[in-house]
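Trainee: Below is the file work-v8.pdb, with PDB, C-alpha atoms.
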ATOM      1  CA  ILE A   8     197.391 100.881 214.407
ATOM      2  CA  ILE A   9     200.941  99.567 214.186
ATOM      3  CA  GLN A  10     202.456 102.938 213.355
ATOM      4  CA  SER A  11     200.498 104.809 216.028
ATOM      5  CA  LEU A  12     201.585 102.397 218.791
ATOM      6  CA  GLY A  13     205.280 102.851 218.007
ATOM      7  CA  ASN A  14     207.497 100.693 220.216
ATOM      8  CA  TRP A  15     204.417  99.239 221.887
ATOM      9  CA  ALA A  16     203.078  97.921 218.577
ATOM     10  CA  LEU A  17     203.727  94.233 219.220
ATOM     11  CA  TRP A  18     202.012  94.344 222.623
ATOM     12  CA  GLY A  19     199.119  96.277 221.111
ATOM     13  CA  CYS A  20     198.719  93.741 218.304
ATOM     14  CA  MET A  21     198.785  90.897 220.819
ATOM     15  CA  PHE A  22     196.025  92.593 222.818
ATOM     16  CA  ILE A  23     193.883  93.130 219.702
ATOM     17  CA  ILE A  24     194.329  89.502 218.589
ATOM     18  CA  PHE A  25     193.474  88.305 222.113
ATOM     19  CA  ILE A  26     190.252  90.351 222.256
ATOM     20  CA  GLU A  27     189.258  89.474 218.671
ATOM     21  CA  CYS A  28     189.696  85.758 219.342
ATOM     22  CA  SER A  29     187.803  85.857 222.621
ATOM     23  CA  ILE A  30     184.763  88.160 222.610
ATOM     24  CA  PHE A  31     184.890  91.016 220.068
ATOM     25  CA  PRO A  32     184.805  89.770 216.455
ATOM     26  CA  ILE A  33     184.760  93.121 214.629
ATOM     27  CA  LEU A  34     188.421  93.875 215.405
ATOM     28  CA  PRO A  35     191.012  93.210 212.663
ATOM     29  CA  GLY A  36     192.508  89.740 212.788
ATOM     30  CA  ASP A  37     193.649  88.397 209.426
ATOM     31  CA  SER A  38     194.698  91.796 208.101
ATOM     32  CA  LEU A  39     196.543  92.730 211.313
ATOM     33  CA  LEU A  40     198.663  89.558 211.281
ATOM     34  CA  PHE A  41     199.490  90.130 207.622
ATOM     35  CA  ALA A  42     200.443  93.732 208.343
ATOM     36  CA  VAL A  43     202.690  92.725 211.261
ATOM     37  CA  GLY A  44     204.620  90.401 208.954
ATOM     38  CA  MET A  45     205.000  93.143 206.366
ATOM     39  CA  PHE A  46     206.214  95.704 208.888
ATOM     40  CA  ILE A  47     208.802  93.275 210.254
ATOM     41  CA  ALA A  48     210.077  92.687 206.715
ATOM     42  CA  MET A  49     210.346  96.460 206.179
ATOM     43  CA  THR A  50     211.752  97.385 209.634
ATOM     44  CA  PRO A  51     215.445  97.328 210.669
ATOM     45  CA  PRO A  52     216.110  94.352 212.997
ATOM     46  CA  SER A  53     217.799  96.589 215.589
ATOM     47  CA  ILE A  54     214.472  98.007 216.852
ATOM     48  CA  THR A  55     213.457  96.768 220.311
ATOM     49  CA  PHE A  56     210.102  96.893 222.067
ATOM     50  CA  PRO A  57     209.468  97.802 225.726
ATOM     51  CA  GLY A  58     209.742  94.769 227.983
ATOM     52  CA  LEU A  59     211.676  92.696 225.455
ATOM     53  CA  SER A  60     215.382  92.039 225.909
ATOM     54  CA  GLN A  61     216.017  91.391 222.233
ATOM     55  CA  PRO A  62     215.029  92.963 218.897
ATOM     56  CA  VAL A  63     211.655  92.026 217.517
ATOM     57  CA  THR A  64     212.174  89.209 215.055
ATOM     58  CA  LEU A  65     209.805  87.268 212.852
ATOM     59  CA  ALA A  66     210.100  84.174 215.058
ATOM     60  CA  LEU A  67     209.421  86.128 218.264
ATOM     61  CA  SER A  68     206.422  87.880 216.725
ATOM     62  CA  CYS A  69     204.946  84.598 215.475
ATOM     63  CA  LEU A  70     205.389  83.048 218.922
ATOM     64  CA  LEU A  71     203.794  85.920 220.856
ATOM     65  CA  LEU A  72     200.915  86.402 218.399
ATOM     66  CA  THR A  73     200.180  82.665 218.463
ATOM     67  CA  ILE A  74     200.100  82.718 222.267
ATOM     68  CA  ALA A  75     197.711  85.687 222.158
ATOM     69  CA  ALA A  76     195.430  83.885 219.687
ATOM     70  CA  ILE A  77     195.298  80.692 221.752
ATOM     71  CA  LEU A  78     194.798  82.508 225.059
ATOM     72  CA  GLY A  79     192.026  84.529 223.411
ATOM     73  CA  ASN A  80     190.245  81.320 222.495
ATOM     74  CA  VAL A  81     190.674  79.967 226.013
ATOM     75  CA  ALA A  82     189.128  83.157 227.384
ATOM     76  CA  GLY A  83     186.271  82.826 224.890
ATOM     77  CA  TYR A  84     185.722  79.230 225.967
ATOM     78  CA  TYR A  85     185.284  80.260 229.592
ATOM     79  CA  VAL A  86     183.102  83.224 228.633
ATOM     80  CA  GLY A  87     180.816  80.728 226.953
ATOM     81  CA  HIS A  88     180.997  78.357 229.886
ATOM     82  CA  TRP A  89     180.203  80.990 232.506
ATOM     83  CA  VAL A  90     178.242  83.821 230.914
ATOM     84  CA  GLY A  91     177.345  82.658 227.394
ATOM     85  CA  PRO A  92     173.630  82.092 228.022
ATOM     86  CA  LYS A  93     173.290  85.592 229.530
ATOM     87  CA  LEU A  94     175.459  87.270 226.900
ATOM     88  CA  PHE A  95     173.833  85.821 223.790
ATOM     89  CA  LYS A  96     170.182  86.665 224.175
ATOM     90  CA  PRO A  97     167.800  88.777 222.065
ATOM     91  CA  ARG A  98     168.240  92.505 222.684
ATOM     92  CA  GLU A  99     167.884  95.752 220.765
ATOM     93  CA  GLY A 100     170.557  98.111 219.514
ATOM     94  CA  PHE A 101     174.243  97.751 218.637
ATOM     95  CA  TRP A 102     175.067  95.060 221.200
ATOM     96  CA  GLY A 103     172.057  93.071 220.079
ATOM     97  CA  LYS A 104     173.591  92.884 216.612
ATOM     98  CA  ILE A 105     177.038  91.905 217.895
ATOM     99  CA  PHE A 106     175.811  89.257 220.348
ATOM    100  CA  ASP A 107     172.894  87.979 218.298
ATOM    101  CA  PRO A 108     171.913  84.392 219.274
ATOM    102  CA  LYS A 109     171.792  83.489 215.570
ATOM    103  CA  TYR A 110     175.604  83.601 215.456
ATOM    104  CA  VAL A 111     175.745  80.966 218.170
ATOM    105  CA  SER A 112     173.289  78.778 216.264
ATOM    106  CA  LYS A 113     175.204  79.101 213.010
ATOM    107  CA  THR A 114     178.515  78.371 214.703
ATOM    108  CA  HIS A 115     177.050  75.354 216.478
ATOM    109  CA  ASP A 116     175.869  74.013 213.101
ATOM    110  CA  PHE A 117     179.381  74.617 211.745
ATOM    111  CA  MET A 118     180.836  72.532 214.585
ATOM    112  CA  GLU A 119     178.336  69.733 214.077
ATOM    113  CA  ARG A 120     179.120  69.613 210.378
ATOM    114  CA  TYR A 121     182.917  69.607 210.622
ATOM    115  CA  GLY A 122     183.525  68.160 214.119
ATOM    116  CA  ASN A 123     186.991  68.736 215.555
ATOM    117  CA  ARG A 124     188.127  70.230 212.257
ATOM    118  CA  ALA A 125     185.754  73.122 212.900
ATOM    119  CA  LEU A 126     188.074  74.576 215.533
ATOM    120  CA  ILE A 127     190.855  74.662 212.933
ATOM    121  CA  LEU A 128     188.798  75.761 209.927
ATOM    122  CA  ALA A 129     186.994  78.451 211.925
ATOM    123  CA  ARG A 130     190.270  80.324 212.400
ATOM    124  CA  PHE A 131     190.010  81.532 208.825
ATOM    125  CA  VAL A 132     186.373  82.683 208.988
ATOM    126  CA  PRO A 133     185.716  86.098 210.598
ATOM    127  CA  PHE A 134     183.105  86.104 213.378
ATOM    128  CA  VAL A 135     183.026  82.298 213.395
ATOM    129  CA  ARG A 136     186.530  82.090 214.898
ATOM    130  CA  THR A 137     185.290  84.200 217.809
ATOM    131  CA  PHE A 138     181.940  82.581 218.398
ATOM    132  CA  ILE A 139     183.047  78.986 217.926
ATOM    133  CA  THR A 140     185.085  79.093 221.131
ATOM    134  CA  ILE A 141     182.159  80.578 223.048
ATOM    135  CA  VAL A 142     179.867  77.887 221.659
ATOM    136  CA  ALA A 143     182.388  75.237 222.700
ATOM    137  CA  GLY A 144     182.177  76.605 226.238
ATOM    138  CA  ILE A 145     178.388  76.793 226.185
ATOM    139  CA  ALA A 146     178.152  73.238 224.845
ATOM    140  CA  GLY A 147     180.575  71.924 227.488
ATOM    141  CA  MET A 148     183.145  70.561 225.054
ATOM    142  CA  PRO A 149     185.907  68.797 227.051
ATOM    143  CA  PHE A 150     188.671  71.335 227.570
ATOM    144  CA  LYS A 151     191.425  68.898 226.610
ATOM    145  CA  ARG A 152     189.818  68.286 223.246
ATOM    146  CA  PHE A 153     189.113  71.992 222.797
ATOM    147  CA  ILE A 154     192.620  73.222 223.594
ATOM    148  CA  THR A 155     194.218  70.596 221.346
ATOM    149  CA  TYR A 156     192.411  71.634 218.189
ATOM    150  CA  THR A 157     192.199  75.348 218.900
ATOM    151  CA  ALA A 158     195.976  75.373 219.490
ATOM    152  CA  ILE A 159     196.587  73.661 216.147
ATOM    153  CA  GLY A 160     194.375  76.221 214.441
ATOM    154  CA  GLY A 161     196.044  79.067 216.303
ATOM    155  CA  VAL A 162     199.499  78.063 215.140
ATOM    156  CA  ILE A 163     198.427  77.654 211.507
ATOM    157  CA  TRP A 164     196.494  80.940 211.502
ATOM    158  CA  ALA A 165     198.834  83.273 213.388
ATOM    159  CA  VAL A 166     202.093  81.922 212.036
ATOM    160  CA  GLY A 167     200.766  81.358 208.513
ATOM    161  CA  LEU A 168     199.354  84.845 207.978
ATOM    162  CA  THR A 169     202.319  86.573 209.627
ATOM    163  CA  LEU A 170     204.727  84.634 207.401
ATOM    164  CA  LEU A 171     202.600  85.443 204.375
ATOM    165  CA  GLY A 172     202.827  89.141 205.181
ATOM    166  CA  TYR A 173     206.560  88.890 205.816
ATOM    167  CA  PHE A 174     207.417  87.284 202.493
ATOM    168  CA  LEU A 175     204.939  89.274 200.420
ATOM    169  CA  GLY A 176     206.136  92.426 202.158
ATOM    170  CA  THR A 177     209.421  92.153 200.289
ATOM    171  CA  ILE A 178     207.581  92.540 196.980
ATOM    172  CA  GLU A 179     207.757  96.192 195.917
ATOM    173  CA  PHE A 180     204.250  96.289 194.448
ATOM    174  CA  ILE A 181     202.741  94.897 197.658
ATOM    175  CA  GLY A 182     204.665  97.336 199.838
ATOM    176  CA  LYS A 183     203.558 100.328 197.770
ATOM    177  CA  ASN A 184     199.912  99.234 197.792
ATOM    178  CA  LEU A 185     199.549  98.123 201.407
ATOM    179  CA  ASP A 186     196.089  99.644 201.888
ATOM    180  CA  ALA A 187     194.716  97.841 198.843
ATOM    181  CA  VAL A 188     196.300  94.557 199.947
ATOM    182  CA  LEU A 189     194.769  94.777 203.424
ATOM    183  CA  ILE A 190     191.352  95.553 201.962
ATOM    184  CA  ALA A 191     191.721  92.543 199.655
ATOM    185  CA  ILE A 192     192.547  90.309 202.629
ATOM    186  CA  VAL A 193     189.416  91.461 204.453
ATOM    187  CA  LEU A 194     187.293  90.849 201.356
ATOM    188  CA  VAL A 195     188.744  87.372 200.820
ATOM    189  CA  SER A 196     188.246  86.469 204.485
ATOM    190  CA  VAL A 197     184.525  87.262 204.328
ATOM    191  CA  LEU A 198     183.943  85.310 201.096
ATOM    192  CA  PRO A 199     182.938  82.131 202.981
ATOM    193  CA  MET A 200     180.138  84.092 204.686
ATOM    194  CA  VAL A 201     179.036  85.591 201.371
ATOM    195  CA  PHE A 202     178.917  82.150 199.725
ATOM    196  CA  GLU A 203     177.003  80.751 202.696
ATOM    197  CA  PHE A 204     174.523  83.637 202.536
ATOM    198  CA  LEU A 205     173.942  83.136 198.811
ATOM    199  CA  ASN A 206     173.626  79.390 199.294
ATOM    200  CA  GLU A 207     171.007  79.868 202.020
ATOM    201  CA  ARG A 208     169.075  82.272 199.802
ATOM    202  CA  ARG A 209     169.165  79.769 196.961
ATOM    203  CA  LYS A 210     167.875  76.999 199.216
ATOM    204  CA  ALA A 211     165.126  79.204 200.612
ATOM    205  CA  LYS A 212     164.042  80.225 197.112
ATOM    206  CA  ALA A 213     164.037  76.606 195.938
ATOM    207  CA  ALA A 214     161.995  75.581 198.970
ATOM    208  CA  GLN A 215     159.526  78.399 198.290
ATOM    209  CA  GLN A 216     159.110  77.355 194.685
ATOM    210  CA  SER A 217     158.559  73.725 195.690
ATOM    211  CA  LEU A 218     155.551  74.613 197.869
ATOM    212  CA  PRO A 219     152.237  73.492 196.331
ATOM    213  CA  THR A 220     150.124  76.293 194.894
ATOM    214  CA  GLU A 221     146.382  76.465 195.400
TER     215      GLU A 221
END
Would you mind writing the structure in this file as C-alpha cells?
Mentor:
Amino acid sequence: IIQSLGNWALWGCMFIIFIECSIFPILPGDSLLFAVGMFIAMTPPSITFPGLSQPVTLALSCLLLTIAAILGNVAGYYVGHWVGPKLFKPREGFWGKIFDPKYVSKTHDFMERYGNRALILARFVPFVRTFITIVAGIAGMPFKRFITYTAIGGVIWAVGLTLLGYFLGTIEFIGKNLDAVLIAIVLVSVLPMVFEFLNERRKAKAAQQSLPTE
C-alpha cells in the first residue's frame, strides 16, 4: 500500500487508519502503523509529500496518524449514536458478517468489564477498537468522557506502534524480512481474540459437563 501510493502514502495511510478506527475493522491498522515507521527509518529525509511544506519526519507522521486515529473514533462514536441500531442488525451475506450484532454485544461486555480503561485497551484488539467506539455512541456515553480516554488510547497506539516500526526498521534482519514481521504483528494482534474464543469454549464445555444426566 505504502509503495503503491508513492508521495501520497502518508495521506493514504491516514485515510486507512481513519476508516479502520471508525467503521471498517478488516483494514490493516497495527501492521500499517508499524510499516510506516519502518519506511520512514529506511527513507531519505529529503522526500516531501503533496500538501506538506516540509519533509515527512517521524514526529510529523506520528502526529498526523494519531489525529486520524482519534478522528476515526469520533466518527465511529457518531455512527453509533445516529445509525448504530440500523447498521448492526441481523442480515445475510458478507455485510451480515461484518456488522453482526454479536460484535456489539461482546464489545459492550468488554466495556462493562474494564470501564474507562476499555477505550484504551481496545486500541490493541482488532475489531474491538472499531466497534467499541460505535457501542459508546449507541450507549450514549458522555462525549467528554469518551474523547478523553479514546484520545489517550489513540496516542499510545498510533505513536507507540509507529515508533516500534521506526526503531526495529533499523535492524537488518527485520528490514530483510518485512513480510514475515507484518504477518507476525497481525497474528499477535489477534491472539486476545483467540484466547477469548478458547476460554469461551472451555466454559461452555464445563457447563455442559456440569448438567445433570438422566
Trainee: Do you know which residues are at most 8 Å from stretch 17-30 of chain A counting all atoms listed in the file, after dropping those on the same chain fewer than 4 positions away, and could you put them as an MDAnalysis selection string?
Mentor: chainID A and resid 9 12 34:36 39 56 68 71:72 75:84 86 136:138 140:141
Trainee: Let me see the file: selected residues, C-alpha atoms, as a compact mmCIF listing (two decimals), in the frame of the given file.
Mentor:
# COMPACT_ATOMS: atom_id res chain seq x y z
CA ILE A 9 200.94 99.57 214.19
CA LEU A 12 201.58 102.40 218.79
CA LEU A 34 188.42 93.88 215.40
CA PRO A 35 191.01 93.21 212.66
CA GLY A 36 192.51 89.74 212.79
CA LEU A 39 196.54 92.73 211.31
CA PHE A 56 210.10 96.89 222.07
CA SER A 68 206.42 87.88 216.72
CA LEU A 71 203.79 85.92 220.86
CA LEU A 72 200.92 86.40 218.40
CA ALA A 75 197.71 85.69 222.16
CA ALA A 76 195.43 83.88 219.69
CA ILE A 77 195.30 80.69 221.75
CA LEU A 78 194.80 82.51 225.06
CA GLY A 79 192.03 84.53 223.41
CA ASN A 80 190.24 81.32 222.50
CA VAL A 81 190.67 79.97 226.01
CA ALA A 82 189.13 83.16 227.38
CA GLY A 83 186.27 82.83 224.89
CA TYR A 84 185.72 79.23 225.97
CA VAL A 86 183.10 83.22 228.63
CA ARG A 136 186.53 82.09 214.90
CA THR A 137 185.29 84.20 217.81
CA PHE A 138 181.94 82.58 218.40
CA THR A 140 185.08 79.09 221.13
CA ILE A 141 182.16 80.58 223.05
Trainee: Would you mind telling me which residue in A:Val188, A:Thr157, A:Arg124, A:Phe101 lies nearest to A:Gly172 when using all atoms listed in the file?
Mentor: A:Val188
Trainee: List, as a ChimeraX atom specification, every residue that the PyMOL selection byres ((chain A and resi 65) around 9) selects in the file provided.
Mentor: /A:44,47-48,63-64,66-70,169-170,173
Trainee: What do you get, as a ChimeraX atom specification, if you spell out every residue that the PyMOL selection byres ((chain A and resi 126) around 10) selects here?
Mentor: /A:80,117-118,121-125,127-131,135-136,139-140,143,153-161
Trainee: Between atom CA of A:Pro32 and atom CA of A:Ile105, what is the distance in Å, rounded to a tenth?
Mentor: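 Computing it gives 8.2 Å between the two atoms.
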Trainee: Mind giving me the straight-line distance from atom CA of A:Ile8 to atom CA of A:Phe134 in Å, one decimal?
Mentor: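 Straight-line distance from atom CA of A:Ile8 to atom CA of A:Phe134 works out to 20.6 Å.
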Trainee: Could you tell me how far atom CA of A:Val43 lies from atom CA of A:Phe31, in Å and to one decimal?
Mentor: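 Between atom CA of A:Val43 and atom CA of A:Phe31 the gap is 19.9 Å.
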Trainee: Could you put an axis-aligned box around every listed atom of stretch 148-167 of chain A, padded by 3 Å on each side, and send me its centre and edge lengths in Å to one decimal, as lines of an AutoDock Vina configuration file?
Mentor:
center_x = 192.6
center_y = 75.8
center_z = 218.0
size_x = 24.9
size_y = 21.0
size_z = 25.1
Trainee: Of the residues A:Leu171, A:Ser38, A:Ser112, A:Tyr85, which is the one nearest to A:Leu194, using all atoms listed in the file?
Mentor: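 Checking each of A:Leu171, A:Ser38, A:Ser112, A:Tyr85 against A:Leu194, counting all atoms listed in the file, the winner is A:Ser38.
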Trainee: For A:Gln10, which residue out of A:Ala214, A:Ala42, A:Ile74, A:Ala165 is the nearest one, using all atoms listed in the file?
Mentor: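 Result for the nearest residue to A:Gln10: A:Ala42.
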Trainee: Once the PyMOL selection byres ((chain A and resi 92) around 12) has been evaluated on this model, what residues remain selected, and can you format them as a list in words?
Mentor: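 That expression, the PyMOL selection byres ((chain A and resi 92) around 12), corresponds here to Tyr85, Val86, Gly87, His88, Trp89, Val90, Gly91, Lys93, Leu94, Phe95, Lys96, Pro97, Phe106, Asp107, Pro108, Val111, Ile141, Val142, Gly144, Ile145 and Ala146 of chain A.
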